[in-house]
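J.: Next up, target-v7.cif (mmCIF, C-alpha atoms and all ligand atoms).
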data_target
#
loop_
_atom_site.label_atom_id
_atom_site.label_comp_id
_atom_site.auth_asym_id
_atom_site.auth_seq_id
_atom_site.Cartn_x
_atom_site.Cartn_y
_atom_site.Cartn_z
CA MET A 379 0.00 0.00 0.00
CA SER A 380 2.76 2.45 0.93
CA HIS A 381 3.92 2.63 -2.71
CA PHE A 382 0.68 4.50 -3.49
CA LEU A 383 1.19 7.07 -0.75
CA SER A 384 2.85 10.47 -1.10
CA ASP A 385 5.70 11.44 1.24
CA GLU A 386 3.24 13.56 3.25
CA GLN A 387 0.79 10.66 3.56
CA VAL A 388 3.60 8.38 4.74
CA ARG A 389 4.59 10.99 7.32
CA ILE A 390 1.02 11.21 8.68
CA ARG A 391 0.66 7.41 8.62
CA ASP A 392 3.86 7.07 10.64
CA VAL A 393 2.56 9.54 13.25
CA ALA A 394 -0.62 7.46 13.55
CA ARG A 395 1.35 4.20 13.57
CA GLU A 396 3.57 5.35 16.42
CA PHE A 397 0.56 6.63 18.37
CA ALA A 398 -1.20 3.29 17.83
CA GLN A 399 1.74 1.09 18.72
CA VAL A 400 3.22 3.07 21.60
CA GLU A 401 0.21 4.70 23.26
CA VAL A 402 -2.94 2.86 22.16
CA SER A 403 -1.85 -0.77 22.00
CA PRO A 404 -0.87 -1.09 25.69
CA ARG A 405 -4.27 0.35 26.67
CA ALA A 406 -6.51 -1.51 24.22
CA ALA A 407 -7.41 -4.51 26.39
CA GLU A 408 -8.12 -2.24 29.35
CA ILE A 409 -10.48 -0.02 27.31
CA ASP A 410 -12.35 -3.17 26.30
CA ASN A 411 -12.38 -4.73 29.78
CA LYS A 412 -13.36 -1.63 31.71
CA ASP A 413 -15.65 -0.26 29.00
CA GLU A 414 -14.36 3.21 29.82
CA PHE A 415 -14.21 6.08 27.34
CA PRO A 416 -10.46 6.68 26.73
CA ALA A 417 -10.63 10.46 27.05
CA ASP A 418 -6.83 10.83 27.29
CA LEU A 419 -6.20 8.91 24.05
CA VAL A 420 -8.93 10.82 22.23
CA ARG A 421 -7.34 14.07 23.46
CA ARG A 422 -3.93 12.81 22.32
CA ALA A 423 -5.31 12.05 18.84
CA ALA A 424 -6.48 15.66 18.72
CA GLU A 425 -3.06 16.94 19.87
CA LEU A 426 -1.45 15.01 17.02
CA GLY A 427 -3.69 16.94 14.62
CA LEU A 428 -5.75 13.90 13.62
CA PHE A 429 -9.12 15.61 14.28
CA GLY A 430 -8.40 18.02 11.45
CA LEU A 431 -7.67 15.46 8.73
CA MET A 432 -10.99 15.94 6.92
CA ILE A 433 -11.45 19.60 7.83
CA PRO A 434 -10.59 22.24 5.20
CA GLN A 435 -7.58 24.43 5.94
CA GLU A 436 -9.73 27.58 6.02
CA TYR A 437 -11.46 26.03 9.06
CA GLY A 438 -8.23 25.09 10.80
CA GLY A 439 -7.85 21.56 9.46
CA LEU A 440 -5.27 19.75 7.36
CA ASP A 441 -7.60 18.95 4.43
CA ALA A 442 -5.64 15.72 4.09
CA GLY A 443 -8.38 13.84 2.22
CA ILE A 444 -10.22 10.59 2.75
CA THR A 445 -7.32 8.33 1.70
CA THR A 446 -5.02 9.74 4.39
CA THR A 447 -7.85 9.68 6.92
CA CYS A 448 -8.48 6.01 6.19
CA VAL A 449 -4.78 5.18 6.41
CA VAL A 450 -4.73 6.78 9.89
CA LEU A 451 -7.88 4.96 11.09
CA GLU A 452 -6.52 1.68 9.73
CA GLU A 453 -3.35 2.10 11.82
CA ILE A 454 -5.35 2.85 14.98
CA GLY A 455 -7.76 0.00 14.20
CA LYS A 456 -4.88 -2.48 14.29
CA ALA A 457 -4.31 -1.62 17.95
CA SER A 458 -7.82 -0.80 19.15
CA PRO A 459 -10.70 -1.22 16.72
CA SER A 460 -13.05 0.35 19.25
CA LEU A 461 -10.95 3.53 19.53
CA ALA A 462 -10.73 3.63 15.73
CA GLY A 463 -14.51 3.26 15.56
CA MET A 464 -15.03 6.25 17.84
CA LEU A 465 -12.43 8.27 15.99
CA SER A 466 -14.02 7.43 12.65
CA VAL A 467 -17.09 9.32 13.86
CA GLN A 468 -14.97 12.24 15.08
CA ILE A 469 -12.47 12.38 12.25
CA ALA A 470 -14.50 11.26 9.23
CA LEU A 471 -18.28 11.03 9.66
CA CYS A 472 -19.05 14.29 11.46
CA PRO A 473 -16.62 16.62 9.64
CA VAL A 474 -17.70 15.23 6.26
CA SER A 475 -21.32 15.68 7.20
CA MET A 476 -20.84 19.24 8.40
CA ASN A 477 -18.53 20.15 5.57
CA THR A 478 -20.96 18.76 3.00
CA ALA A 479 -24.15 20.23 4.37
CA GLY A 480 -23.14 23.07 6.71
CA THR A 481 -23.24 26.81 6.04
CA PRO A 482 -19.97 28.81 6.19
CA GLU A 483 -21.08 30.15 9.60
CA GLN A 484 -21.70 26.63 10.93
CA LYS A 485 -18.32 25.47 9.64
CA THR A 486 -16.58 28.37 11.35
CA LYS A 487 -18.47 27.84 14.58
CA TYR A 488 -18.18 24.05 14.78
CA LEU A 489 -15.38 22.80 12.54
CA VAL A 490 -12.69 25.21 13.80
CA PRO A 491 -12.98 23.96 17.42
CA SER A 492 -13.24 20.40 16.14
CA ALA A 493 -9.95 20.70 14.31
CA SER A 494 -8.28 22.03 17.46
CA GLY A 495 -9.73 19.22 19.58
CA GLU A 496 -12.05 21.42 21.62
CA ASN A 497 -15.23 19.85 20.16
CA LEU A 498 -16.05 16.22 20.50
CA MET A 499 -18.63 15.39 17.85
CA ALA A 500 -21.37 12.79 17.40
CA LEU A 501 -24.00 12.03 14.80
CA SER A 502 -27.31 10.66 15.95
CA ALA A 503 -29.96 9.25 13.65
CA THR A 504 -31.03 5.91 15.18
CA GLU A 505 -34.27 5.66 17.15
CA PRO A 506 -35.99 2.71 18.79
CA SER A 507 -38.06 2.32 15.60
CA GLY A 508 -34.89 1.68 13.57
CA MET A 509 -32.16 3.71 11.95
CA MET A 510 -33.24 3.60 8.32
CA ASN A 511 -36.95 3.52 9.14
CA THR A 512 -37.10 7.32 9.11
CA ALA A 513 -40.81 7.42 8.34
CA ALA A 514 -41.38 6.01 11.83
CA HIS A 515 -38.96 8.37 13.59
CA GLN A 516 -40.60 10.18 16.48
CA THR A 517 -37.98 12.88 17.02
CA ARG A 518 -39.46 16.10 15.69
CA LEU A 519 -38.26 19.56 14.84
CA THR A 520 -41.27 21.80 15.27
CA PRO A 521 -41.16 25.39 13.95
CA ASP A 522 -41.32 27.96 16.77
CA GLY A 523 -41.33 31.44 15.27
CA GLU A 524 -37.98 31.82 13.52
CA ASN A 525 -36.54 28.84 15.38
CA TYR A 526 -37.35 25.18 16.09
CA ARG A 527 -38.16 23.01 19.10
CA LEU A 528 -36.58 19.56 19.24
CA ASN A 529 -38.40 16.73 21.02
CA GLY A 530 -37.61 13.03 20.96
CA LEU A 531 -35.29 10.21 21.87
CA LYS A 532 -32.24 8.88 20.04
CA ILE A 533 -30.40 5.65 20.84
CA PHE A 534 -27.02 4.04 20.15
CA CYS A 535 -25.13 7.32 19.67
CA THR A 536 -21.35 6.75 19.54
CA GLN A 537 -19.50 9.32 21.65
CA GLY A 538 -22.67 10.01 23.57
CA SER A 539 -20.47 12.17 25.80
CA ALA A 540 -19.73 14.57 22.92
CA THR A 541 -19.98 18.35 23.07
CA VAL A 542 -21.64 18.84 19.66
CA TYR A 543 -24.26 16.52 18.13
CA ILE A 544 -25.76 16.37 14.67
CA VAL A 545 -29.27 15.08 15.32
CA GLY A 546 -31.82 14.01 12.72
CA GLY A 547 -35.52 14.73 13.18
CA ARG A 548 -38.74 14.78 11.23
CA THR A 549 -40.50 18.01 10.54
CA SER A 550 -43.08 19.41 8.16
CA VAL A 551 -42.61 22.05 5.53
CA ASP A 552 -45.76 23.69 4.18
CA GLY A 553 -47.77 20.65 5.22
CA GLN A 554 -45.33 18.19 3.59
CA GLU A 555 -43.30 15.75 5.70
CA GLY A 556 -39.61 16.55 5.76
CA TYR A 557 -36.41 15.73 7.60
CA GLY A 558 -33.84 18.00 9.14
CA ALA A 559 -30.69 17.86 11.18
CA ALA A 560 -30.17 20.05 14.21
CA ILE A 561 -26.78 20.94 15.61
CA VAL A 562 -27.22 20.45 19.34
CA GLU A 563 -24.68 21.63 21.88
CA LYS A 564 -24.02 19.97 25.21
CA GLY A 565 -25.76 21.96 27.93
CA MET A 566 -28.62 23.29 25.80
CA PRO A 567 -31.66 23.44 28.12
CA GLY A 568 -33.89 20.38 27.69
CA PHE A 569 -31.10 18.15 26.33
CA GLU A 570 -29.80 15.29 28.43
CA VAL A 571 -27.76 12.15 27.87
CA GLY A 572 -29.38 9.02 29.28
CA LYS A 573 -27.77 5.64 29.82
CA TYR A 574 -24.67 4.32 28.12
CA GLU A 575 -25.04 0.82 26.68
CA ASN A 576 -23.08 -2.18 27.95
CA LYS A 577 -22.31 -3.94 24.70
CA LEU A 578 -20.54 -6.75 22.81
CA GLY A 579 -17.93 -4.68 20.97
CA TRP A 580 -16.70 -1.11 20.48
CA ARG A 581 -16.54 -1.03 24.25
CA GLY A 582 -15.48 2.28 25.73
CA SER A 583 -17.21 4.24 22.97
CA ASN A 584 -19.94 5.64 25.23
CA THR A 585 -22.88 4.48 23.12
CA GLY A 586 -25.51 6.78 24.55
CA THR A 587 -29.20 7.56 24.61
CA LEU A 588 -30.03 11.19 23.89
CA ILE A 589 -33.20 12.78 25.27
CA PHE A 590 -34.60 16.04 23.90
CA THR A 591 -37.41 17.86 25.69
CA ASP A 592 -38.47 21.10 24.06
CA VAL A 593 -34.89 22.04 23.18
CA LEU A 594 -34.79 25.45 21.50
CA ILE A 595 -32.82 25.09 18.26
CA PRO A 596 -31.90 28.45 16.74
CA ARG A 597 -32.66 28.52 13.01
CA GLU A 598 -28.94 28.91 12.29
CA ASN A 599 -28.36 25.51 13.91
CA ILE A 600 -30.31 23.62 11.26
CA LEU A 601 -27.65 21.83 9.23
CA GLY A 602 -27.98 22.70 5.57
CA GLY A 603 -31.67 23.58 5.83
CA ILE A 604 -34.75 21.39 6.01
CA LEU A 605 -35.12 18.68 3.40
CA THR A 606 -38.48 17.68 2.00
CA GLY A 607 -38.88 13.98 1.32
CA LEU A 608 -37.68 11.48 3.88
CA GLY A 609 -35.51 9.70 1.33
CA GLU A 610 -33.04 12.56 1.55
CA VAL A 611 -31.99 11.63 5.05
CA SER A 612 -28.94 9.72 3.83
CA GLY A 613 -27.43 13.14 3.04
CA LEU A 614 -27.14 13.56 6.79
CA GLY A 615 -24.04 11.43 7.18
CA GLY A 616 -22.33 12.26 3.93
CA LEU A 617 -21.68 8.70 2.71
CA THR A 618 -17.97 9.39 2.27
CA GLY A 619 -17.59 9.53 6.04
CA ASN A 620 -18.57 5.87 6.12
CA LEU A 621 -15.23 4.97 4.55
CA GLY A 622 -13.49 5.88 7.81
CA HIS A 623 -15.49 3.18 9.50
CA CYS A 624 -14.42 0.68 6.81
CA ALA A 625 -10.78 1.60 7.42
CA SER A 626 -11.10 0.95 11.14
CA ALA A 627 -12.62 -2.48 10.32
CA LEU A 628 -9.76 -3.23 7.94
CA GLY A 629 -7.26 -2.33 10.65
CA CYS A 630 -9.14 -4.63 13.03
CA ALA A 631 -8.58 -7.60 10.68
CA GLU A 632 -4.92 -6.68 10.23
CA GLY A 633 -4.39 -6.38 13.97
CA MET A 634 -5.94 -9.82 14.49
CA LEU A 635 -3.80 -11.35 11.74
CA ALA A 636 -0.57 -9.89 13.17
CA LYS A 637 -1.37 -11.15 16.67
CA THR A 638 -2.37 -14.57 15.35
CA ILE A 639 0.78 -15.01 13.24
CA GLU A 640 2.89 -14.19 16.28
CA TYR A 641 0.92 -16.65 18.40
CA ALA A 642 0.97 -19.47 15.83
CA LYS A 643 4.74 -19.16 15.36
CA GLY A 644 5.29 -19.48 19.09
CA ARG A 645 2.80 -22.29 19.80
CA GLU A 646 4.00 -25.90 19.86
CA LEU A 647 1.57 -28.75 19.16
CA TYR A 648 2.50 -32.43 18.90
CA GLY A 649 6.20 -31.61 19.27
CA GLN A 650 6.34 -29.17 16.38
CA PRO A 651 5.36 -25.56 15.69
CA MET A 652 1.64 -25.15 15.15
CA THR A 653 2.41 -23.68 11.71
CA ALA A 654 3.25 -27.23 10.57
CA LEU A 655 -0.52 -27.90 10.56
CA GLN A 656 -1.73 -27.14 7.07
CA PRO A 657 -5.18 -25.72 7.98
CA ILE A 658 -3.49 -23.18 10.21
CA THR A 659 -1.20 -21.88 7.46
CA TYR A 660 -4.11 -21.78 5.01
CA TRP A 661 -6.24 -19.78 7.40
CA LEU A 662 -3.39 -17.33 7.88
CA SER A 663 -2.68 -16.93 4.18
CA GLU A 664 -6.39 -16.81 3.29
CA ALA A 665 -6.81 -14.02 5.83
CA TRP A 666 -3.91 -12.16 4.23
CA VAL A 667 -5.45 -12.50 0.75
CA LYS A 668 -8.88 -11.36 1.97
CA ILE A 669 -7.40 -8.35 3.73
CA GLU A 670 -5.42 -7.29 0.66
CA ALA A 671 -8.51 -7.62 -1.57
CA ALA A 672 -10.59 -5.57 0.88
CA ARG A 673 -7.83 -2.98 1.08
CA SER A 674 -7.77 -2.67 -2.73
CA LEU A 675 -11.51 -2.01 -2.81
CA LEU A 676 -11.31 0.54 -0.01
CA TYR A 677 -8.44 2.56 -1.42
CA THR A 678 -9.72 2.38 -5.00
CA THR A 679 -12.89 3.95 -3.63
CA THR A 680 -11.10 6.62 -1.58
CA ARG A 681 -9.11 7.61 -4.65
CA MET A 682 -12.31 7.79 -6.74
CA VAL A 683 -13.80 10.09 -4.10
CA GLU A 684 -10.71 12.30 -4.22
CA GLU A 685 -11.01 12.49 -7.99
CA GLY A 686 -14.57 13.74 -7.53
CA ARG A 687 -16.15 10.45 -8.61
CA ILE A 688 -18.38 9.78 -5.61
CA ASP A 689 -20.22 6.56 -6.42
CA PRO A 690 -22.60 5.60 -3.57
CA ASN A 691 -22.59 1.98 -4.77
CA MET A 692 -18.82 1.75 -4.37
CA ILE A 693 -19.01 3.26 -0.89
CA MET A 694 -21.80 0.88 0.11
CA ALA A 695 -19.81 -2.00 -1.42
CA CYS A 696 -16.90 -1.04 0.84
CA LYS A 697 -19.15 -0.99 3.88
CA VAL A 698 -20.40 -4.49 3.06
CA HIS A 699 -17.24 -6.12 1.76
CA VAL A 700 -14.58 -4.63 4.03
CA CYS A 701 -16.64 -5.06 7.19
CA GLU A 702 -17.86 -8.57 6.32
CA THR A 703 -14.27 -9.54 5.46
CA ALA A 704 -12.99 -8.13 8.75
CA PHE A 705 -15.50 -10.19 10.71
CA GLU A 706 -14.86 -13.36 8.69
CA VAL A 707 -11.11 -13.00 9.17
CA CYS A 708 -11.30 -12.26 12.90
CA ASN A 709 -13.78 -15.06 13.52
CA ARG A 710 -11.73 -17.62 11.56
CA LEU A 711 -8.41 -16.58 13.12
CA LEU A 712 -9.85 -16.86 16.62
CA GLN A 713 -10.05 -20.59 15.90
CA VAL A 714 -6.22 -20.69 15.68
CA TRP A 715 -6.09 -19.72 19.35
CA GLY A 716 -8.23 -22.66 20.45
CA GLY A 717 -9.46 -22.34 24.03
CA HIS A 718 -6.91 -19.61 24.72
CA GLY A 719 -8.79 -17.35 22.34
CA MET A 720 -11.90 -17.62 24.50
CA MET A 721 -10.10 -16.32 27.58
CA ASN A 722 -10.01 -12.71 28.69
CA ASP A 723 -6.31 -13.02 29.52
CA THR A 724 -5.28 -13.31 25.87
CA GLY A 725 -7.71 -10.46 25.12
CA VAL A 726 -7.80 -11.39 21.46
CA HIS A 727 -11.53 -12.05 21.18
CA ARG A 728 -12.11 -8.30 21.33
CA TYR A 729 -11.08 -8.12 17.64
CA MET A 730 -13.83 -10.56 16.69
CA ARG A 731 -16.38 -8.70 18.85
CA ASP A 732 -15.40 -5.28 17.50
CA ALA A 733 -15.55 -6.58 13.92
CA ARG A 734 -19.03 -7.96 14.60
CA VAL A 735 -20.25 -4.48 15.48
CA ASP A 736 -18.96 -3.21 12.13
CA LEU A 737 -21.64 -5.28 10.36
CA ILE A 738 -24.28 -3.15 12.10
CA ALA A 739 -22.99 0.30 13.08
CA GLU A 740 -23.34 3.08 10.49
CA GLY A 741 -25.79 0.90 8.57
CA ALA A 742 -26.25 -2.88 8.59
CA SER A 743 -24.74 -4.77 5.64
CA GLU A 744 -28.22 -5.63 4.37
CA THR A 745 -29.27 -1.97 4.17
CA MET A 746 -26.21 -1.38 1.99
CA LEU A 747 -27.14 -4.35 -0.20
CA SER A 748 -30.70 -3.00 -0.46
CA GLY A 749 -29.30 0.35 -1.56
CA ILE A 750 -27.10 -1.27 -4.21
CA ALA A 751 -30.00 -3.47 -5.38
CA GLN A 752 -32.24 -0.43 -5.89
CA SER A 753 -29.57 1.11 -8.07
CA ILE A 754 -28.52 -1.89 -10.18
CA LEU A 755 -32.09 -3.08 -10.70
CA ALA A 756 -33.41 0.36 -11.68
C1 LIG B 1 -21.85 0.12 18.70
C2 LIG B 1 -22.85 0.87 17.88
C3 LIG B 1 -22.62 2.21 17.60
C4 LIG B 1 -23.58 2.93 16.89
N1 LIG B 1 -23.38 4.27 16.67
C5 LIG B 1 -24.36 4.99 16.08
C6 LIG B 1 -24.23 6.41 15.95
O1 LIG B 1 -23.21 7.00 16.32
N2 LIG B 1 -25.27 7.10 15.43
C7 LIG B 1 -26.42 6.49 15.00
O2 LIG B 1 -27.31 7.16 14.53
N3 LIG B 1 -26.56 5.15 15.10
C8 LIG B 1 -25.57 4.40 15.63
N4 LIG B 1 -25.71 3.05 15.75
C9 LIG B 1 -26.93 2.43 15.28
C10 LIG B 1 -26.74 1.61 14.02
O3 LIG B 1 -26.46 2.44 12.91
C11 LIG B 1 -28.00 0.79 13.84
O4 LIG B 1 -28.08 -0.11 14.93
C12 LIG B 1 -27.99 0.02 12.53
O5 LIG B 1 -28.07 0.93 11.46
C13 LIG B 1 -29.14 -0.97 12.46
O6 LIG B 1 -30.33 -0.33 12.74
P1 LIG B 1 -31.29 -0.86 13.88
O7 LIG B 1 -30.50 -1.18 15.07
O8 LIG B 1 -32.38 0.11 14.00
O9 LIG B 1 -31.81 -2.25 13.34
P2 LIG B 1 -33.13 -2.54 12.52
O10 LIG B 1 -33.48 -1.39 11.66
O11 LIG B 1 -34.13 -3.09 13.46
O12 LIG B 1 -32.63 -3.69 11.53
C14 LIG B 1 -32.40 -5.02 11.98
C15 LIG B 1 -31.90 -5.81 10.81
O13 LIG B 1 -32.88 -5.81 9.76
C16 LIG B 1 -32.26 -5.77 8.49
N5 LIG B 1 -32.66 -4.54 7.78
C17 LIG B 1 -33.04 -3.35 8.32
N6 LIG B 1 -33.31 -2.45 7.36
C18 LIG B 1 -33.10 -3.08 6.19
C19 LIG B 1 -33.21 -2.68 4.82
N7 LIG B 1 -33.57 -1.44 4.48
N8 LIG B 1 -32.91 -3.59 3.86
C20 LIG B 1 -32.53 -4.85 4.20
N9 LIG B 1 -32.41 -5.28 5.47
C21 LIG B 1 -32.70 -4.42 6.44
C22 LIG B 1 -30.74 -5.79 8.76
O14 LIG B 1 -30.28 -7.10 8.72
C23 LIG B 1 -30.63 -5.25 10.17
O15 LIG B 1 -29.46 -5.71 10.83
C24 LIG B 1 -24.76 2.29 16.42
C25 LIG B 1 -24.94 0.93 16.66
C26 LIG B 1 -24.01 0.21 17.38
C27 LIG B 1 -24.24 -1.23 17.62
#
Would you give me this structure, written as structure tokens?
T.:
Amino acid sequence: MSHFLSDEQVRIRDVAREFAQVEVSPRAAEIDNKDEFPADLVRRAAELGLFGLMIPQEYGGLDAGITTTCVVLEEIGKASPSLAGMLSVQIALCPVSMNTAGTPEQKTKYLVPSASGENLMALSATEPSGMMNTAAHQTRLTPDGENYRLNGLKIFCTQGSATVYIVGGRTSVDGQEGYGAAIVEKGMPGFEVGKYENKLGWRGSNTGTLIFTDVLIPRENILGGILTGLGEVSGLGGLTGNLGHCASALGCAEGMLAKTIEYAKGRELYGQPMTALQPITYWLSEAWVKIEAARSLLYTTTRMVEEGRIDPNMIMACKVHVCETAFEVCNRLLQVWGGHGMMNDTGVHRYMRDARVDLIAEGASETMLSGIAQSILA
């Protein structure tokens, strides 16, 4: 992969690699075990300038592009897929969303402090009635004079302890149903964060419930205006941001492969190294092949995006293929560890659990396949 990268991209990758190996890796098992938000590591990522990767220079960022951003998240994913998952929201999803849909004033107000690490961002669409089932969403933005009132409940919000949230809600425009996104700040009267979920993977990411009771949303905090037609809601996330999530999943598979190779080389079975067993070597080399194929798809797509060829099908294909591959690889490689892989002491099952979440978070694989089907069957 590095032969495709510019000198500047290699420099940024190496910063991320060192951060991942020296600072994140020793903490990864603890984040998973304790299920505690790693505020110091998130702050450190900001200090290293990583929050600004997708933010334009005029708003204080590096404007480094989606390829570089994915390379960074891949490196962090190798050490801690759950930290990479959180950071993909902070570094990719939210800035892309705000940069795509936000007004210049919103970008100045929210992206500048995000680039500097002052703002922790989250994007919240999912409700108890489902994420994609927007027609059933109960969260509403009701016009109140020049402004809006936000009422409703959101669930499963990564970085629920953020300071700035992009929150989707239904509304009506001239009697027609519509959808909007409010920029909600921590501390706005009527907004509270409920429980954090205790979950299978992405532990430590503060997956929160958000409760809105008559929150006054100034008109200037409506992201990119109100959209008529519920189908437009996908514009909320800016699909490109999803690629960051794919990169963290790819890193997860690579991290699992590296750990498993090391383990297999050191494990003796029947008086010889375990790597003398043919199924073991096949699983390792199959994992390598699958990872390389997934990586090719991901970085072909990031380069297409950077050339201005944003093809939603390619992005959805990445979400399905890279994430499904990551889970397949992690699940298969866990078998190499036998009973040891089931134990908390080896800590390796967190890769399989984190990869499992990737098949759901930011859109289940099947919703991506449905999206692709609609397009190719049209
Ligand atoms: C750890 C974690 C972090 C998350 N972070 C966020 C976040 O930051 N912000 C946020 O808004 N949400 C977040 N989510 C929510 C996540 O995006 C949703 O859980 C996911 O999109 C699935 O939606 P759902 O849970 O409502 O499942 P449901 O909508 O009930 O779907 C259940 C299953 O039905 C199938 N299905 C659903 N719709 C379709 C369709 N259109 N076509 C084909 N099959 C379909 C799929 O197999 C799906 O898995 C997070 C979830 C997790 C687990």
J.: Which residues are near Tyr526 (chain A)? Cut-off 9 Å, all atoms listed in the file, ignore same chain within fewer than 3 positions. Put them as a PDB file with C-alpha atoms, in the coordinates of the input.
T.:
ATOM      1  CA  LEU A 519     -38.260  19.560  14.840  1.00  0.00           C
ATOM      2  CA  THR A 520     -41.270  21.800  15.270  1.00  0.00           C
ATOM      3  CA  PRO A 521     -41.160  25.390  13.950  1.00  0.00           C
ATOM      4  CA  ASP A 522     -41.320  27.960  16.770  1.00  0.00           C
ATOM      5  CA  GLY A 523     -41.330  31.440  15.270  1.00  0.00           C
ATOM      6  CA  VAL A 593     -34.890  22.040  23.180  1.00  0.00           C
ATOM      7  CA  LEU A 594     -34.790  25.450  21.500  1.00  0.00           C
ATOM      8  CA  ILE A 595     -32.820  25.090  18.260  1.00  0.00           C
ATOM      9  CA  PRO A 596     -31.900  28.450  16.740  1.00  0.00           C
ATOM     10  CA  ARG A 597     -32.660  28.520  13.010  1.00  0.00           C
ATOM     11  CA  ILE A 600     -30.310  23.620  11.260  1.00  0.00           C
TER      12      ILE A 600
END
J.: For Met730 (chain A), find every residue with an atom within 8 Å (counting only C-alpha atoms), except residues of its own chain fewer than 5 positions away, and show them as a list in words.
T.: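 Using only C-alpha atoms, the neighbours found are Phe705, Cys708, Asn709 and Leu712 of chain A.
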J.: Select all residues near (-7.3, -19.9, 11.1) (cut-off 6 Å, inclusive, file coordinates), counting all atoms listed in the file, and output them as a list in words.
T.: Ile658, Trp661, Leu662, Arg710, Leu711, Gln713 and Val714 of chain A
J.: Take the residues just selected and output them with C-alpha atoms as a PDB file, in the coordinates of the input.
T.:
ATOM      1  CA  ILE A 658      -3.490 -23.180  10.210  1.00  0.00           C
ATOM      2  CA  TRP A 661      -6.240 -19.780   7.400  1.00  0.00           C
ATOM      3  CA  LEU A 662      -3.390 -17.330   7.880  1.00  0.00           C
ATOM      4  CA  ARG A 710     -11.730 -17.620  11.560  1.00  0.00           C
ATOM      5  CA  LEU A 711      -8.410 -16.580  13.120  1.00  0.00           C
ATOM      6  CA  GLN A 713     -10.050 -20.590  15.900  1.00  0.00           C
ATOM      7  CA  VAL A 714      -6.220 -20.690  15.680  1.00  0.00           C
TER       8      VAL A 714
END
J.: Which residues are near region 569-573 of chain A? Cut-off 6 Å, only C-alpha atoms, ignore same chain within fewer than 2 positions. Put them as a PyMOL selection string.
T.: chain A and resi 566-567+586-590
J.: Produce a file of the selected residues containing C-alpha atoms, as a short mmCIF file (atom, residue, chain, number, x, y, z; two decimals), in the frame of the given file.
T.:
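File written: out_15.cif
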data_model
loop_
_atom_site.label_atom_id
_atom_site.label_comp_id
_atom_site.auth_asym_id
_atom_site.auth_seq_id
_atom_site.Cartn_x
_atom_site.Cartn_y
_atom_site.Cartn_z
CA MET A 566 -28.62 23.29 25.80
CA PRO A 567 -31.66 23.44 28.12
CA GLY A 586 -25.51 6.78 24.55
CA THR A 587 -29.20 7.56 24.61
CA LEU A 588 -30.03 11.19 23.89
CA ILE A 589 -33.20 12.78 25.27
CA PHE A 590 -34.60 16.04 23.90
#
J.: Determine, for each residue of chain A having at least one atom at most 8 Å from an atom of ligand LIG 1 (chain B), the closest pair of atoms and their separation in Å to one decimal, counting all atoms listed in the file; order by chain and ascending number, as a Markdown table.
T.:
| residue | atom | partner | partner_atom | distance |
| --- | --- | --- | --- | --- |
| A:Val467 | CA | B:LIG1 | O1 | 7.0 |
| A:Ala500 | CA | B:LIG1 | O1 | 6.2 |
| A:Leu501 | CA | B:LIG1 | N2 | 5.1 |
| A:Ser502 | CA | B:LIG1 | O2 | 3.8 |
| A:Ala503 | CA | B:LIG1 | O2 | 3.5 |
| A:Thr504 | CA | B:LIG1 | O2 | 4.0 |
| A:Glu505 | CA | B:LIG1 | O8 | 6.7 |
| A:Pro506 | CA | B:LIG1 | O8 | 6.5 |
| A:Ser507 | CA | B:LIG1 | O8 | 6.3 |
| A:Gly508 | CA | B:LIG1 | O8 | 3.0 |
| A:Met509 | CA | B:LIG1 | O8 | 4.1 |
| A:Met510 | CA | B:LIG1 | O10 | 6.0 |
| A:Asn511 | CA | B:LIG1 | O10 | 6.5 |
| A:Lys532 | CA | B:LIG1 | O2 | 7.6 |
| A:Ile533 | CA | B:LIG1 | N3 | 6.9 |
| A:Phe534 | CA | B:LIG1 | N4 | 4.7 |
| A:Cys535 | CA | B:LIG1 | O1 | 3.9 |
| A:Thr536 | CA | B:LIG1 | O1 | 3.7 |
| A:Gln537 | CA | B:LIG1 | O1 | 6.9 |
| A:Gly538 | CA | B:LIG1 | O1 | 7.9 |
| A:Lys577 | CA | B:LIG1 | C1 | 7.3 |
| A:Gly579 | CA | B:LIG1 | C1 | 6.6 |
| A:Trp580 | CA | B:LIG1 | C1 | 5.6 |
| A:Arg581 | CA | B:LIG1 | C1 | 7.8 |
| A:Ser583 | CA | B:LIG1 | C1 | 7.5 |
| A:Thr585 | CA | B:LIG1 | C3 | 6.0 |
| A:Val735 | CA | B:LIG1 | C27 | 5.6 |
| A:Asp736 | CA | B:LIG1 | C27 | 7.9 |
| A:Leu737 | CA | B:LIG1 | O15 | 7.8 |
| A:Ile738 | CA | B:LIG1 | C12 | 4.9 |
| A:Ala739 | CA | B:LIG1 | O3 | 4.1 |
| A:Glu740 | CA | B:LIG1 | O3 | 4.0 |
| A:Gly741 | CA | B:LIG1 | O5 | 3.7 |
| A:Ala742 | CA | B:LIG1 | O15 | 4.8 |
| A:Ser743 | CA | B:LIG1 | O14 | 6.8 |
| A:Glu744 | CA | B:LIG1 | N9 | 4.3 |
| A:Thr745 | CA | B:LIG1 | N8 | 4.0 |
| A:Met746 | CA | B:LIG1 | N8 | 7.3 |
| A:Leu747 | CA | B:LIG1 | C20 | 7.0 |
| A:Ser748 | CA | B:LIG1 | N8 | 4.9 |
| A:Gly749 | CA | B:LIG1 | N7 | 7.6 |
J.: If you measure from CA of Ala627 (chain A) to CA of Asp732 (chain A), what distance in Å do you get, rounded to one decimal?
T.: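 Here the two named atoms are 8.2 Å from each other.
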J.: In Å, with one decimal, what is the gap from CA of Gln656 (chain A) to CA of Ala733 (chain A)?
T.: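 If I compute the distance from CA of Gln656 (chain A) to CA of Ala733 (chain A), I get 25.7 Å.
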